[in-house]
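Undergrad: So here's query.cif (mmCIF, C-alpha atoms).
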data_entry
#
loop_
_atom_site.label_atom_id
_atom_site.label_comp_id
_atom_site.auth_asym_id
_atom_site.auth_seq_id
_atom_site.Cartn_x
_atom_site.Cartn_y
_atom_site.Cartn_z
CA MET A 1 -32.38 -20.77 13.02
CA CYS A 2 -31.05 -22.16 9.74
CA LYS A 3 -32.62 -20.72 6.60
CA SER A 4 -30.37 -22.48 4.07
CA ALA A 5 -29.55 -26.11 3.32
CA TYR A 6 -27.07 -27.87 1.04
CA LEU A 7 -27.48 -31.46 -0.19
CA HIS A 8 -24.55 -33.32 -1.74
CA VAL A 9 -25.05 -35.84 -4.55
CA PRO A 10 -21.81 -37.84 -4.84
CA PHE A 11 -22.32 -39.36 -8.29
CA CYS A 12 -20.75 -38.34 -11.61
CA LYS A 13 -20.96 -39.86 -15.09
CA ASP A 14 -17.22 -39.32 -15.45
CA ILE A 15 -14.54 -38.08 -13.06
CA CYS A 16 -12.98 -34.76 -14.11
CA ALA A 17 -9.19 -34.70 -14.14
CA TYR A 18 -8.95 -31.78 -11.65
CA CYS A 19 -11.63 -32.91 -9.18
CA ASP A 20 -11.00 -33.94 -5.56
CA PHE A 21 -14.55 -33.50 -4.21
CA THR A 22 -16.48 -36.33 -2.54
CA ARG A 23 -17.65 -38.18 -5.64
CA CYS A 24 -17.71 -41.53 -7.43
CA ARG A 25 -18.67 -42.80 -10.84
CA TYR A 26 -22.43 -43.30 -11.15
CA HIS A 27 -23.62 -46.83 -10.36
CA ALA A 28 -27.35 -47.62 -10.37
CA GLY A 29 -27.22 -49.95 -7.35
CA LEU A 30 -25.21 -47.49 -5.25
CA ALA A 31 -27.55 -44.67 -6.23
CA GLU A 32 -30.53 -46.71 -4.96
CA LYS A 33 -28.82 -47.34 -1.61
CA TRP A 34 -27.87 -43.67 -1.42
CA LEU A 35 -31.48 -42.57 -1.96
CA LYS A 36 -32.61 -44.72 0.97
CA ALA A 37 -29.90 -43.31 3.22
CA ILE A 38 -30.44 -39.69 2.21
CA LYS A 39 -34.19 -39.99 2.83
CA LYS A 40 -33.50 -40.68 6.52
CA GLU A 41 -31.11 -37.75 6.84
CA ILE A 42 -33.49 -35.35 5.07
CA LYS A 43 -36.28 -36.19 7.54
CA GLN A 44 -33.93 -35.89 10.50
CA LYS A 45 -32.24 -32.63 9.50
CA LEU A 46 -35.17 -30.72 7.96
CA LYS A 47 -37.99 -31.55 10.38
CA GLY A 48 -39.68 -28.31 11.44
CA VAL A 49 -37.29 -26.12 9.40
CA THR A 50 -38.49 -23.31 7.11
CA LEU A 51 -35.92 -22.64 4.40
CA ASP A 52 -35.24 -19.60 2.22
CA THR A 53 -32.63 -21.27 -0.01
CA PHE A 54 -31.75 -24.82 -0.97
CA TYR A 55 -28.78 -25.98 -3.04
CA ILE A 56 -28.21 -29.44 -4.55
CA GLY A 57 -24.54 -29.82 -5.46
CA GLY A 58 -22.06 -32.57 -6.14
CA GLY A 59 -20.70 -34.53 -7.73
CA THR A 60 -23.22 -34.14 -10.51
CA PRO A 61 -26.87 -34.17 -9.40
CA SER A 62 -28.03 -34.48 -13.02
CA ALA A 63 -26.11 -37.79 -13.28
CA LEU A 64 -29.03 -39.42 -11.44
CA THR A 65 -31.61 -41.01 -13.73
CA TYR A 66 -34.89 -39.21 -14.32
CA HIS A 67 -36.72 -41.48 -11.85
CA GLN A 68 -34.01 -41.22 -9.19
CA LEU A 69 -33.91 -37.44 -9.47
CA SER A 70 -37.71 -37.40 -9.29
CA ARG A 71 -37.68 -39.40 -6.06
CA LEU A 72 -35.09 -37.09 -4.52
CA LEU A 73 -37.04 -33.95 -5.44
CA VAL A 74 -40.29 -35.44 -4.10
CA MET A 75 -38.52 -36.14 -0.78
CA LEU A 76 -37.47 -32.49 -0.66
CA LYS A 77 -40.78 -30.98 -1.77
CA PRO A 78 -42.23 -30.39 1.74
CA TYR A 79 -39.14 -28.33 2.62
CA THR A 80 -38.39 -26.53 -0.66
CA ARG A 81 -41.85 -25.18 -1.46
CA THR A 82 -41.08 -22.07 0.65
CA CYS A 83 -37.66 -21.42 -0.91
CA GLU A 84 -37.05 -18.13 -2.66
CA GLU A 85 -34.09 -19.73 -4.43
CA PHE A 86 -33.65 -23.44 -5.18
CA THR A 87 -30.49 -24.25 -7.15
CA MET A 88 -29.29 -27.50 -8.68
CA GLU A 89 -25.89 -28.08 -10.24
CA ALA A 90 -25.88 -29.92 -13.55
CA ASN A 91 -23.64 -30.94 -16.41
CA VAL A 92 -24.77 -30.26 -19.93
CA ASP A 93 -24.32 -33.89 -21.04
CA SER A 94 -26.72 -35.23 -18.37
CA LEU A 95 -29.40 -32.52 -18.28
CA ASP A 96 -32.03 -33.18 -20.95
CA ILE A 97 -35.39 -31.48 -21.55
CA GLU A 98 -37.26 -34.10 -19.46
CA LYS A 99 -35.05 -33.50 -16.41
CA ILE A 100 -35.38 -29.73 -16.88
CA GLN A 101 -39.17 -30.08 -16.85
CA LEU A 102 -38.89 -32.23 -13.72
CA CYS A 103 -36.82 -29.54 -12.04
CA LYS A 104 -39.35 -26.87 -12.92
CA GLU A 105 -42.23 -28.97 -11.54
CA ASN A 106 -40.38 -29.41 -8.24
CA TYR A 107 -39.60 -25.75 -7.46
CA ILE A 108 -36.04 -25.59 -8.81
CA ASN A 109 -35.68 -22.05 -10.18
CA ARG A 110 -31.91 -21.77 -10.65
CA ILE A 111 -29.47 -24.05 -12.48
CA SER A 112 -25.68 -23.90 -12.22
CA LEU A 113 -23.96 -25.48 -15.23
CA GLY A 114 -20.43 -26.88 -15.02
CA VAL A 115 -19.08 -25.42 -18.27
CA GLN A 116 -15.39 -24.87 -17.27
CA SER A 117 -14.18 -24.06 -20.82
CA LEU A 118 -15.33 -23.74 -24.42
CA GLN A 119 -12.00 -24.89 -25.88
CA PRO A 120 -12.24 -28.45 -27.34
CA GLU A 121 -8.66 -29.39 -26.46
CA LEU A 122 -9.05 -28.20 -22.86
CA LEU A 123 -12.41 -29.93 -22.43
CA LYS A 124 -10.86 -33.18 -23.66
CA MET A 125 -7.93 -32.78 -21.28
CA ILE A 126 -10.16 -32.28 -18.23
CA LYS A 127 -12.54 -35.04 -19.39
CA ARG A 128 -15.66 -32.96 -19.96
CA ASN A 129 -18.06 -34.41 -22.54
CA HIS A 130 -19.66 -31.33 -24.05
CA ASN A 131 -18.99 -28.58 -26.56
CA LYS A 132 -20.18 -25.03 -27.10
CA GLU A 133 -23.23 -26.13 -29.12
CA ASP A 134 -24.32 -28.49 -26.32
CA ILE A 135 -24.16 -25.63 -23.81
CA LEU A 136 -26.17 -23.29 -26.02
CA ARG A 137 -28.80 -26.01 -26.54
CA CYS A 138 -29.07 -26.61 -22.80
CA ILE A 139 -29.42 -22.90 -22.00
CA LYS A 140 -32.10 -22.56 -24.68
CA GLU A 141 -34.01 -25.54 -23.26
CA LEU A 142 -33.82 -24.14 -19.73
CA HIS A 143 -35.34 -20.85 -20.89
CA SER A 144 -38.02 -22.68 -22.90
CA ILE A 145 -39.20 -24.48 -19.73
CA GLY A 146 -39.11 -21.27 -17.69
CA ILE A 147 -35.88 -21.63 -15.68
CA ASP A 148 -34.29 -18.29 -16.52
CA ASN A 149 -31.84 -17.94 -13.63
CA ILE A 150 -28.78 -19.70 -15.05
CA SER A 151 -25.20 -19.66 -13.76
CA ILE A 152 -22.07 -21.17 -15.29
CA ASP A 153 -18.72 -22.16 -13.77
CA LEU A 154 -15.46 -21.45 -15.60
CA ILE A 155 -11.92 -22.52 -14.71
CA TYR A 156 -8.81 -20.48 -15.50
CA GLY A 157 -5.17 -21.46 -15.12
CA LEU A 158 -5.60 -24.84 -16.84
CA PRO A 159 -2.50 -26.50 -18.34
CA ASN A 160 -2.00 -25.30 -21.94
CA GLN A 161 -4.68 -22.60 -21.54
CA THR A 162 -3.51 -19.36 -23.15
CA MET A 163 -4.67 -15.83 -22.48
CA GLN A 164 -6.17 -15.72 -25.97
CA MET A 165 -8.24 -18.84 -25.28
CA TRP A 166 -9.51 -17.21 -22.08
CA LYS A 167 -10.39 -13.98 -23.85
CA ASP A 168 -12.17 -15.88 -26.63
CA ASP A 169 -14.24 -17.88 -24.11
CA LEU A 170 -15.32 -14.78 -22.19
CA LYS A 171 -16.22 -12.95 -25.42
CA ASP A 172 -18.26 -15.93 -26.65
CA ILE A 173 -20.09 -16.20 -23.33
CA VAL A 174 -20.91 -12.50 -23.08
CA GLU A 175 -22.10 -12.31 -26.70
CA HIS A 176 -23.98 -15.61 -27.09
CA PHE A 177 -24.93 -17.09 -23.70
CA ASP A 178 -28.24 -15.96 -22.17
CA ILE A 179 -27.09 -16.35 -18.57
CA GLN A 180 -27.30 -14.25 -15.42
CA HIS A 181 -24.36 -15.40 -13.31
CA ILE A 182 -20.75 -16.53 -13.75
CA SER A 183 -18.39 -18.12 -11.21
CA LEU A 184 -14.65 -18.11 -11.96
CA TYR A 185 -12.29 -20.54 -10.26
CA ALA A 186 -8.51 -20.76 -10.51
CA LEU A 187 -7.32 -24.33 -11.06
CA THR A 188 -6.08 -25.93 -7.87
CA ILE A 189 -4.02 -29.09 -8.32
CA GLU A 190 -5.40 -31.43 -5.64
CA GLU A 191 -3.19 -34.30 -4.50
CA HIS A 192 -5.81 -37.02 -5.02
CA SER A 193 -7.11 -35.77 -8.38
CA GLU A 194 -5.87 -37.21 -11.67
CA PHE A 195 -3.86 -34.02 -12.25
CA GLY A 196 -2.30 -34.47 -8.80
CA ARG A 197 -1.36 -38.09 -9.43
CA LEU A 198 0.20 -37.10 -12.76
CA HIS A 199 2.13 -34.27 -11.05
CA ILE A 200 0.67 -31.67 -13.40
CA LYS A 201 1.94 -28.19 -12.50
CA ASN A 202 -0.01 -24.95 -12.32
CA ILE A 203 0.63 -22.38 -15.03
CA ASP A 204 2.71 -19.30 -14.23
CA GLU A 205 1.19 -17.31 -11.33
CA ASP A 206 1.48 -14.03 -13.21
CA ILE A 207 -0.45 -15.39 -16.21
CA GLU A 208 -3.14 -16.75 -13.88
CA ALA A 209 -3.40 -13.36 -12.16
CA ASP A 210 -3.62 -11.63 -15.55
CA MET A 211 -6.47 -13.97 -16.56
CA TYR A 212 -8.40 -13.08 -13.42
CA GLU A 213 -7.82 -9.33 -13.78
CA TYR A 214 -8.85 -9.41 -17.44
CA ALA A 215 -12.04 -11.32 -16.61
CA VAL A 216 -12.98 -8.89 -13.83
CA ALA A 217 -12.57 -5.86 -16.11
CA TYR A 218 -14.26 -7.48 -19.13
CA LEU A 219 -17.28 -8.82 -17.27
CA LYS A 220 -17.81 -5.51 -15.46
CA GLN A 221 -17.74 -3.71 -18.82
CA ASN A 222 -20.42 -6.09 -20.07
CA GLY A 223 -23.11 -5.81 -17.42
CA PHE A 224 -21.91 -8.22 -14.74
CA GLU A 225 -21.44 -6.94 -11.19
CA HIS A 226 -18.38 -8.29 -9.38
CA TYR A 227 -20.22 -8.94 -6.12
CA GLU A 228 -17.87 -11.55 -4.60
CA ILE A 229 -14.24 -12.33 -5.28
CA SER A 230 -15.07 -15.27 -7.61
CA ASN A 231 -18.64 -14.38 -8.63
CA PHE A 232 -20.30 -12.06 -11.13
CA ALA A 233 -24.01 -11.41 -11.59
CA LYS A 234 -26.40 -9.35 -13.63
CA ALA A 235 -28.68 -6.99 -11.68
CA GLY A 236 -30.64 -8.80 -8.97
CA LYS A 237 -29.12 -12.21 -9.74
CA TYR A 238 -26.71 -12.74 -6.85
CA SER A 239 -26.62 -16.32 -5.54
CA LYS A 240 -28.84 -15.91 -2.47
CA HIS A 241 -27.72 -19.28 -1.13
CA ASN A 242 -24.05 -18.40 -1.33
CA MET A 243 -24.73 -14.99 0.21
CA ALA A 244 -25.87 -16.88 3.32
CA TYR A 245 -22.40 -18.48 3.52
CA TRP A 246 -20.66 -15.15 3.00
CA ASP A 247 -22.86 -13.47 5.62
CA TYR A 248 -21.77 -16.29 7.95
CA ASP A 249 -25.28 -17.50 8.61
CA ASP A 250 -25.90 -21.02 9.92
CA PHE A 251 -26.73 -23.67 7.31
CA ILE A 252 -27.63 -27.36 7.14
CA GLY A 253 -25.47 -29.91 5.30
CA ILE A 254 -27.06 -33.14 4.05
CA GLY A 255 -25.37 -36.12 2.39
CA MET A 256 -21.98 -37.83 2.55
CA GLY A 257 -19.21 -35.25 2.41
CA ALA A 258 -21.55 -32.32 3.15
CA SER A 259 -20.70 -29.70 5.77
CA GLY A 260 -22.93 -27.55 7.93
CA LYS A 261 -22.73 -24.92 10.68
CA GLN A 262 -25.18 -24.59 13.56
CA GLN A 263 -25.07 -23.28 17.12
CA HIS A 264 -21.32 -22.61 17.29
CA GLN A 265 -20.45 -25.96 15.73
CA ARG A 266 -19.24 -26.95 12.29
CA TYR A 267 -19.81 -30.51 11.16
CA ASP A 268 -18.47 -32.56 8.26
CA ASN A 269 -20.44 -35.66 7.30
CA THR A 270 -18.55 -38.87 6.59
CA LYS A 271 -17.07 -39.20 3.10
CA ASN A 272 -17.17 -42.99 3.30
CA MET A 273 -20.09 -44.39 1.31
CA GLN A 274 -20.39 -47.66 3.24
CA THR A 275 -20.37 -45.79 6.57
CA TYR A 276 -23.04 -43.45 5.23
CA PHE A 277 -25.24 -46.36 4.12
CA GLU A 278 -24.89 -48.21 7.44
CA LYS A 279 -24.67 -45.42 10.03
CA GLY A 280 -25.92 -42.26 8.33
CA ALA A 281 -24.16 -38.88 8.35
CA SER A 282 -21.70 -39.83 11.16
CA PRO A 283 -20.39 -36.25 11.30
CA THR A 284 -17.09 -35.01 12.64
CA ILE A 285 -18.02 -32.06 14.86
CA ILE A 286 -15.77 -29.06 15.48
CA GLN A 287 -16.62 -26.71 18.34
CA LEU A 288 -16.08 -23.07 17.34
CA ASN A 289 -14.99 -20.58 19.98
CA LYS A 290 -15.84 -16.89 19.78
CA SER A 291 -12.51 -15.79 18.27
CA ASP A 292 -12.73 -18.53 15.61
CA GLU A 293 -16.22 -17.41 14.66
CA MET A 294 -15.28 -13.73 14.53
CA PHE A 295 -12.33 -14.46 12.24
CA GLU A 296 -14.38 -16.73 9.96
CA ASN A 297 -17.12 -14.09 9.80
CA ILE A 298 -14.58 -11.44 8.74
CA MET A 299 -12.95 -13.83 6.25
CA MET A 300 -16.25 -14.73 4.56
CA SER A 301 -17.75 -11.24 4.53
CA LEU A 302 -14.69 -9.48 3.12
CA ARG A 303 -14.92 -11.72 0.04
CA THR A 304 -18.01 -9.74 -1.00
CA LYS A 305 -18.35 -6.33 -2.59
CA LYS A 306 -20.63 -5.10 0.22
CA GLY A 307 -18.22 -6.36 2.88
CA LEU A 308 -18.85 -6.87 6.58
CA ASN A 309 -21.97 -5.48 8.24
CA ILE A 310 -20.58 -3.86 11.40
CA HIS A 311 -23.93 -3.64 13.25
CA GLN A 312 -24.72 -7.29 12.55
CA PHE A 313 -21.23 -8.33 13.67
CA GLU A 314 -21.50 -6.35 16.92
CA LYS A 315 -24.96 -7.74 17.66
CA ARG A 316 -23.75 -11.29 17.00
CA TYR A 317 -20.61 -11.12 19.18
CA GLU A 318 -21.48 -8.32 21.65
CA ILE A 319 -18.32 -6.32 21.03
CA SER A 320 -17.36 -3.04 19.33
CA PHE A 321 -15.86 -4.06 15.98
CA LEU A 322 -13.93 -0.83 15.44
CA LYS A 323 -12.42 -0.94 18.95
CA GLN A 324 -11.68 -4.67 18.87
CA TYR A 325 -9.83 -4.43 15.55
CA HIS A 326 -8.49 -0.85 15.68
CA LYS A 327 -4.85 -1.99 15.45
CA GLU A 328 -5.53 -4.19 12.41
CA LEU A 329 -7.88 -1.76 10.65
CA LYS A 330 -5.95 1.52 10.83
CA PRO A 331 -3.06 0.69 8.44
CA LEU A 332 -5.41 -1.11 6.03
CA LEU A 333 -7.77 1.88 5.92
CA ASP A 334 -4.85 4.33 5.60
CA GLN A 335 -3.47 2.36 2.63
CA HIS A 336 -6.95 2.26 1.02
CA LEU A 337 -6.99 -1.53 1.06
CA LEU A 338 -10.17 -1.43 3.14
CA GLU A 339 -12.91 1.21 3.29
CA HIS A 340 -15.42 2.06 6.02
CA SER A 341 -18.71 3.42 4.70
CA ASP A 342 -22.45 3.14 5.38
CA GLY A 343 -21.95 0.78 8.30
CA TYR A 344 -19.78 -1.68 6.36
CA ILE A 345 -16.08 -2.51 6.11
CA HIS A 346 -15.22 -3.70 2.61
CA ALA A 347 -12.12 -4.37 0.53
CA THR A 348 -11.23 -1.93 -2.25
CA GLU A 349 -10.33 -3.29 -5.70
CA GLN A 350 -6.68 -3.04 -4.67
CA GLY A 351 -7.50 -4.84 -1.43
CA MET A 352 -9.33 -7.65 -3.22
CA GLU A 353 -6.13 -8.45 -5.13
CA ILE A 354 -4.29 -9.21 -1.87
CA LEU A 355 -7.25 -10.32 0.24
CA ASN A 356 -5.47 -13.35 1.72
CA GLU A 357 -2.70 -11.10 3.03
CA ILE A 358 -5.29 -8.76 4.55
CA LEU A 359 -7.14 -11.62 6.25
CA LEU A 360 -3.94 -12.83 7.92
CA LYS A 361 -3.94 -9.57 9.90
CA PHE A 362 -7.20 -10.64 11.58
CA LEU A 363 -6.10 -14.19 12.37
CA PRO A 364 -6.58 -14.78 16.13
CA ASP A 365 -3.59 -15.62 18.32
CA GLU A 366 -3.31 -19.29 19.20
#
Before we go any further, please render this structure as structure tokens.

TA:
Amino acid sequence: MCKSAYLHVPFCKDICAYCDFTRCRYHAGLAEKWLKAIKKEIKQKLKGVTLDTFYIGGGTPSALTYHQLSRLLVMLKPYTRTCEEFTMEANVDSLDIEKIQLCKENYINRISLGVQSLQPELLKMIKRNHNKEDILRCIKELHSIGIDNISIDLIYGLPNQTMQMWKDDLKDIVEHFDIQHISLYALTIEEHSEFGRLHIKNIDEDIEADMYEYAVAYLKQNGFEHYEISNFAKAGKYSKHNMAYWDYDDFIGIGMGASGKQQHQRYDNTKNMQTYFEKGASPTIIQLNKSDEMFENIMMSLRTKKGLNIHQFEKRYEISFLKQYHKELKPLLDQHLLEHSDGYIHATEQGMEILNEILLKFLPDE
């Protein structure tokens, strides 16, 4: 039974230079058509479901007008009233005090802000329309309305980004931002993004790795727990919704471009807006066999500090984990890249640095 759902809002005020997600520039007429289409899918997908977490992502959900966002949240209200955690992504330049109040009135209790950088020249390059003062204002307004669970996204490895810029941003955030959660993402140059079309190159891999290692050490020194490879939280402020992904639980995906996983199937909704308007989600469905699911479960769980729950894995797949993967586990445990303790297998700090190499060991044979 699914306990988590994700809803994708495809609209943005502006298109960021690095972005290749399913998104388009906000258009009032398209947004109205989208609201009609999403209403049908919400009723279809959420009928009879009791949710623990809900996440509205994008795109930029806050790019919707006040009245459009209100209509969306009212549609969701019968299903989100039970949620322990209800997150919405937002950009600082489109989240005003009225929309914050609207969020609060409709059960949203966590906001994830797309900050990316505090450096004016980098923000201009990636086409983000905010500055440090805008972010501080937004955070203050969120707290004033009573939404105290605030996360921010940051990107490292941007063109022209120096280590000193990165250190300055992290110091500023730790000292001045009243937030509970930080997600760090290395820049990926996507083929269909503006950066991809301009053939922008990634910065030196060693510098990017140094940025990540510095951030991990600095944030841990300053009260943030490194609970997942890209995520840091103050005590008790893990992203419950994302933990469902990392625990490999089933989840519902709503909206064009959204993905979901249920009953040994993964589905990806159409990314074509006209198809979505005329025919609904029109998902591509992938059947997952047992070995696929076991590998994906290992891959997702080892991203987290707590690691993979052996009992849960064995109950789910009716096998002995330690026997099934003895050949793969022994050298990794001997080299202290993985540890086995308290019923979990988890990556050590050294293991986290080469996690992709470790995961290849568990890849099923074709």

Undergrad: Might you pull out every residue within 7 Å of range 69-75 of chain A, with all atoms listed in the file counted and same-chain residues fewer than 6 positions away left off, and present them as number ranges by chain?

TA: A: 39, 102, 106

Undergrad: Ranking A:Met243, A:Met256, A:Ile319, A:Leu338 by minimum distance to Asn272 in chain A and counting all atoms listed in the file, which one comes first?

TA: A:Met256

Undergrad: Within 10 Å of His241 in chain A, counting only C-alpha atoms, which residues show up once you throw out same-chain ones fewer than 4 positions away? Write them as a PyMOL selection string, please.

TA: chain A and resi 3-6+52-55+84-87+245-246+251

Undergrad: Name the residues that the PyMOL selection byres ((chain A and resi 91) around 7) picks from the file above, as a compact mmCIF listing (two decimals) with C-alpha atoms, in the frame of the given file, using the file's chain letters and numbers.

TA:
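Written out: result_27.txt:
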# COMPACT_ATOMS: atom_id res chain seq x y z
CA THR A 60 -23.22 -34.14 -10.51
CA SER A 62 -28.03 -34.48 -13.02
CA ALA A 90 -25.88 -29.92 -13.55
CA VAL A 92 -24.77 -30.26 -19.93
CA ASP A 93 -24.32 -33.89 -21.04
CA SER A 94 -26.72 -35.23 -18.37
CA LEU A 95 -29.40 -32.52 -18.28
CA LEU A 113 -23.96 -25.48 -15.23
CA GLY A 114 -20.43 -26.88 -15.02

Undergrad: For this file, the PyMOL selection byres ((chain A and resi 231) around 6) selects which residues, as a ChimeraX atom specification?

TA: /A:182-183,228-230,232

Undergrad: Since fewer atoms than expected are present, regenerate N, CA and C atoms for range 212-233 of chain A and write them as a PDB file, keeping the file's coordinate frame.

TA:
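The resulting rebuild-v2.pdb:
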ATOM      1  N   TYR A 212      -7.376 -13.522 -14.365  1.00  0.00           N
ATOM      2  CA  TYR A 212      -8.400 -13.080 -13.420  1.00  0.00           C
ATOM      3  C   TYR A 212      -8.691 -11.588 -13.595  1.00  0.00           C
ATOM      4  N   GLU A 213      -7.641 -10.781 -13.658  1.00  0.00           N
ATOM      5  CA  GLU A 213      -7.820  -9.330 -13.780  1.00  0.00           C
ATOM      6  C   GLU A 213      -8.524  -8.970 -15.081  1.00  0.00           C
ATOM      7  N   TYR A 214      -8.179  -9.668 -16.160  1.00  0.00           N
ATOM      8  CA  TYR A 214      -8.850  -9.410 -17.440  1.00  0.00           C
ATOM      9  C   TYR A 214     -10.333  -9.743 -17.329  1.00  0.00           C
ATOM     10  N   ALA A 215     -10.644 -10.898 -16.733  1.00  0.00           N
ATOM     11  CA  ALA A 215     -12.040 -11.320 -16.610  1.00  0.00           C
ATOM     12  C   ALA A 215     -12.850 -10.330 -15.782  1.00  0.00           C
ATOM     13  N   VAL A 216     -12.280  -9.863 -14.681  1.00  0.00           N
ATOM     14  CA  VAL A 216     -12.980  -8.890 -13.830  1.00  0.00           C
ATOM     15  C   VAL A 216     -13.329  -7.642 -14.639  1.00  0.00           C
ATOM     16  N   ALA A 217     -12.347  -7.089 -15.334  1.00  0.00           N
ATOM     17  CA  ALA A 217     -12.570  -5.860 -16.110  1.00  0.00           C
ATOM     18  C   ALA A 217     -13.570  -6.105 -17.239  1.00  0.00           C
ATOM     19  N   TYR A 218     -13.415  -7.207 -17.962  1.00  0.00           N
ATOM     20  CA  TYR A 218     -14.260  -7.480 -19.130  1.00  0.00           C
ATOM     21  C   TYR A 218     -15.707  -7.731 -18.725  1.00  0.00           C
ATOM     22  N   LEU A 219     -15.910  -8.518 -17.693  1.00  0.00           N
ATOM     23  CA  LEU A 219     -17.280  -8.820 -17.270  1.00  0.00           C
ATOM     24  C   LEU A 219     -17.968  -7.581 -16.704  1.00  0.00           C
ATOM     25  N   LYS A 220     -17.222  -6.760 -15.981  1.00  0.00           N
ATOM     26  CA  LYS A 220     -17.810  -5.510 -15.460  1.00  0.00           C
ATOM     27  C   LYS A 220     -18.214  -4.575 -16.594  1.00  0.00           C
ATOM     28  N   GLN A 221     -17.413  -4.543 -17.649  1.00  0.00           N
ATOM     29  CA  GLN A 221     -17.740  -3.710 -18.820  1.00  0.00           C
ATOM     30  C   GLN A 221     -18.992  -4.200 -19.537  1.00  0.00           C
ATOM     31  N   ASN A 222     -19.337  -5.466 -19.317  1.00  0.00           N
ATOM     32  CA  ASN A 222     -20.420  -6.090 -20.070  1.00  0.00           C
ATOM     33  C   ASN A 222     -21.612  -6.485 -19.201  1.00  0.00           C
ATOM     34  N   GLY A 223     -21.860  -5.687 -18.165  1.00  0.00           N
ATOM     35  CA  GLY A 223     -23.110  -5.810 -17.420  1.00  0.00           C
ATOM     36  C   GLY A 223     -23.131  -6.772 -16.261  1.00  0.00           C
ATOM     37  N   PHE A 224     -21.973  -7.317 -15.893  1.00  0.00           N
ATOM     38  CA  PHE A 224     -21.910  -8.220 -14.740  1.00  0.00           C
ATOM     39  C   PHE A 224     -21.297  -7.481 -13.549  1.00  0.00           C
ATOM     40  N   GLU A 225     -21.963  -7.559 -12.406  1.00  0.00           N
ATOM     41  CA  GLU A 225     -21.440  -6.940 -11.190  1.00  0.00           C
ATOM     42  C   GLU A 225     -20.510  -7.925 -10.485  1.00  0.00           C
ATOM     43  N   HIS A 226     -19.348  -7.459 -10.097  1.00  0.00           N
ATOM     44  CA  HIS A 226     -18.380  -8.290  -9.380  1.00  0.00           C
ATOM     45  C   HIS A 226     -18.725  -8.228  -7.897  1.00  0.00           C
ATOM     46  N   TYR A 227     -19.656  -9.094  -7.466  1.00  0.00           N
ATOM     47  CA  TYR A 227     -20.220  -8.940  -6.120  1.00  0.00           C
ATOM     48  C   TYR A 227     -19.519  -9.797  -5.063  1.00  0.00           C
ATOM     49  N   GLU A 228     -18.665 -10.711  -5.508  1.00  0.00           N
ATOM     50  CA  GLU A 228     -17.870 -11.550  -4.600  1.00  0.00           C
ATOM     51  C   GLU A 228     -16.612 -11.914  -5.343  1.00  0.00           C
ATOM     52  N   ILE A 229     -15.561 -12.229  -4.645  1.00  0.00           N
ATOM     53  CA  ILE A 229     -14.240 -12.330  -5.280  1.00  0.00           C
ATOM     54  C   ILE A 229     -14.227 -13.258  -6.497  1.00  0.00           C
ATOM     55  N   SER A 230     -15.047 -14.321  -6.486  1.00  0.00           N
ATOM     56  CA  SER A 230     -15.070 -15.270  -7.610  1.00  0.00           C
ATOM     57  C   SER A 230     -16.362 -15.234  -8.406  1.00  0.00           C
ATOM     58  N   ASN A 231     -17.282 -14.309  -8.071  1.00  0.00           N
ATOM     59  CA  ASN A 231     -18.640 -14.380  -8.630  1.00  0.00           C
ATOM     60  C   ASN A 231     -19.105 -13.058  -9.231  1.00  0.00           C
ATOM     61  N   PHE A 232     -19.837 -13.194 -10.338  1.00  0.00           N
ATOM     62  CA  PHE A 232     -20.300 -12.060 -11.130  1.00  0.00           C
ATOM     63  C   PHE A 232     -21.772 -12.282 -11.474  1.00  0.00           C
ATOM     64  N   ALA A 233     -22.578 -11.234 -11.348  1.00  0.00           N
ATOM     65  CA  ALA A 233     -24.010 -11.410 -11.590  1.00  0.00           C
ATOM     66  C   ALA A 233     -24.596 -10.192 -12.287  1.00  0.00           C
TER      67      ALA A 233
END
